[in-house]
Every structure is written in structure tokens, then in C-alpha cells.
Amino acid sequence: MLSADWQDEMQRCNSMTPGKKLQGLVAAAITPMTPDGQINLSVIHQYVDYLVSEQKVKNVFVNGTTGEGLSLNIQERMLILIGC
């Protein structure tokens, strides 16, 4: 069960762009990890900034295409989402 803070954050994320249609380039983003297998939160924001500013990405698809999302628990997936 998610804590109230996580539930609040999920609600906030879900309500940010109701009914928005994706347009432009959507990047299937990797999840940066540390050598010991932890999520590298310090790199996520830099990575997304690079995708948006240098690669002209309009949308980032996280936790869905490169496989690591399946090995992460819900709180870890939320950390990545919030980090983006």
C-alpha cells in the first residue's frame, strides 16, 4: 500500500494534463542506475534536460520500454516519475 504522500503525488501527476494528446517526439527513456543497482536519482533530471534541450524530445516515456521498470517496486517507479 502506498503512503498518503505517494498517493497525493500520483493524484497530482494524473491531474496535470487531463485529456492531453501526445504530440512530437516521445523518448523511451532509460533508468540510470548506480553500480550497486540503485536508481541514480542525481542523473535523472540531467538526462531529461538533455533529452528536451538537446534532442528536442517533447515527451518522455519512463518505466515502460527498457525492462528495468518490471524489476522496480511502485515506490521506485514513482521516484523516477517525480525525478523526471
# chains A, B, ... in the order shown; residues from 1 in each chain; ligands from 1
>>> residues_around(residues="A:Gln38", least_positions_apart="3", cutoff="12 Å", atoms="only C-alpha atoms", output="PyMOL selection string")
chain A and resi 31-35+41-43+68+71-73+76-77+79-80
>>> closest_residue(among="A:Ala28, A:Ile74, A:Ile82, A:Val57", to="A:Ile44", atoms="only C-alpha atoms")
A:Ile82
>>> closest_residue(among="A:Leu70, A:Ala29, A:Thr65, A:Gln75", to="A:His45", atoms="only C-alpha atoms")
A:Ala29
>>> atom_distance(atom1="atom CA of A:Ile30", atom2="atom CA of A:Asn63")
8.0 Å
>>> select_by_dssp(residues="stretch 14-65 of chain A", states="strand (DSSP E or B)", output="PyMOL selection string")
chain A and resi 26-28+33+39+59-61
>>> write_last_selection(atoms="N, CA, C and O atoms", output="PDB file, in the first residue's frame")
ATOM      1  N   VAL A  26       8.511  11.229 -28.690  1.00  0.00           N
ATOM      2  CA  VAL A  26       8.409  10.615 -27.363  1.00  0.00           C
ATOM      3  C   VAL A  26       9.630   9.720 -27.193  1.00  0.00           C
ATOM      4  O   VAL A  26       9.846   8.805 -27.972  1.00  0.00           O
ATOM      5  N   ALA A  27      10.438  10.005 -26.165  1.00  0.00           N
ATOM      6  CA  ALA A  27      11.646   9.215 -25.918  1.00  0.00           C
ATOM      7  C   ALA A  27      11.347   8.091 -24.938  1.00  0.00           C
ATOM      8  O   ALA A  27      10.751   8.323 -23.890  1.00  0.00           O
ATOM      9  N   ALA A  28      11.756   6.893 -25.288  1.00  0.00           N
ATOM     10  CA  ALA A  28      11.686   5.757 -24.365  1.00  0.00           C
ATOM     11  C   ALA A  28      12.943   5.824 -23.507  1.00  0.00           C
ATOM     12  O   ALA A  28      14.012   5.382 -23.901  1.00  0.00           O
ATOM     13  N   MET A  33      21.170   3.859 -13.336  1.00  0.00           N
ATOM     14  CA  MET A  33      21.391   3.104 -12.106  1.00  0.00           C
ATOM     15  C   MET A  33      22.834   3.309 -11.636  1.00  0.00           C
ATOM     16  O   MET A  33      23.726   3.568 -12.439  1.00  0.00           O
ATOM     17  N   ILE A  39      18.664   3.222  -8.053  1.00  0.00           N
ATOM     18  CA  ILE A  39      18.274   4.255  -9.012  1.00  0.00           C
ATOM     19  C   ILE A  39      19.167   5.467  -8.800  1.00  0.00           C
ATOM     20  O   ILE A  39      19.332   5.942  -7.682  1.00  0.00           O
ATOM     21  N   ASN A  59       8.093  14.532 -25.109  1.00  0.00           N
ATOM     22  CA  ASN A  59       7.508  13.669 -24.092  1.00  0.00           C
ATOM     23  C   ASN A  59       8.517  12.592 -23.721  1.00  0.00           C
ATOM     24  O   ASN A  59       9.297  12.151 -24.564  1.00  0.00           O
ATOM     25  N   VAL A  60       8.495  12.162 -22.465  1.00  0.00           N
ATOM     26  CA  VAL A  60       9.397  11.115 -22.002  1.00  0.00           C
ATOM     27  C   VAL A  60       8.556   9.971 -21.450  1.00  0.00           C
ATOM     28  O   VAL A  60       7.710  10.170 -20.590  1.00  0.00           O
ATOM     29  N   PHE A  61       8.789   8.779 -21.976  1.00  0.00           N
ATOM     30  CA  PHE A  61       8.077   7.574 -21.547  1.00  0.00           C
ATOM     31  C   PHE A  61       8.996   6.809 -20.599  1.00  0.00           C
ATOM     32  O   PHE A  61      10.020   6.278 -21.013  1.00  0.00           O
TER      33      PHE A  61
END
>>> closest_residue(among="A:Lys20, A:Gly83, A:Gly67, A:Leu25", to="A:Leu51", atoms="only C-alpha atoms")
A:Leu25
>>> atom_distance(atom1="atom CA of A:Gln46", atom2="atom CA of A:Lys21")
25.3 Å
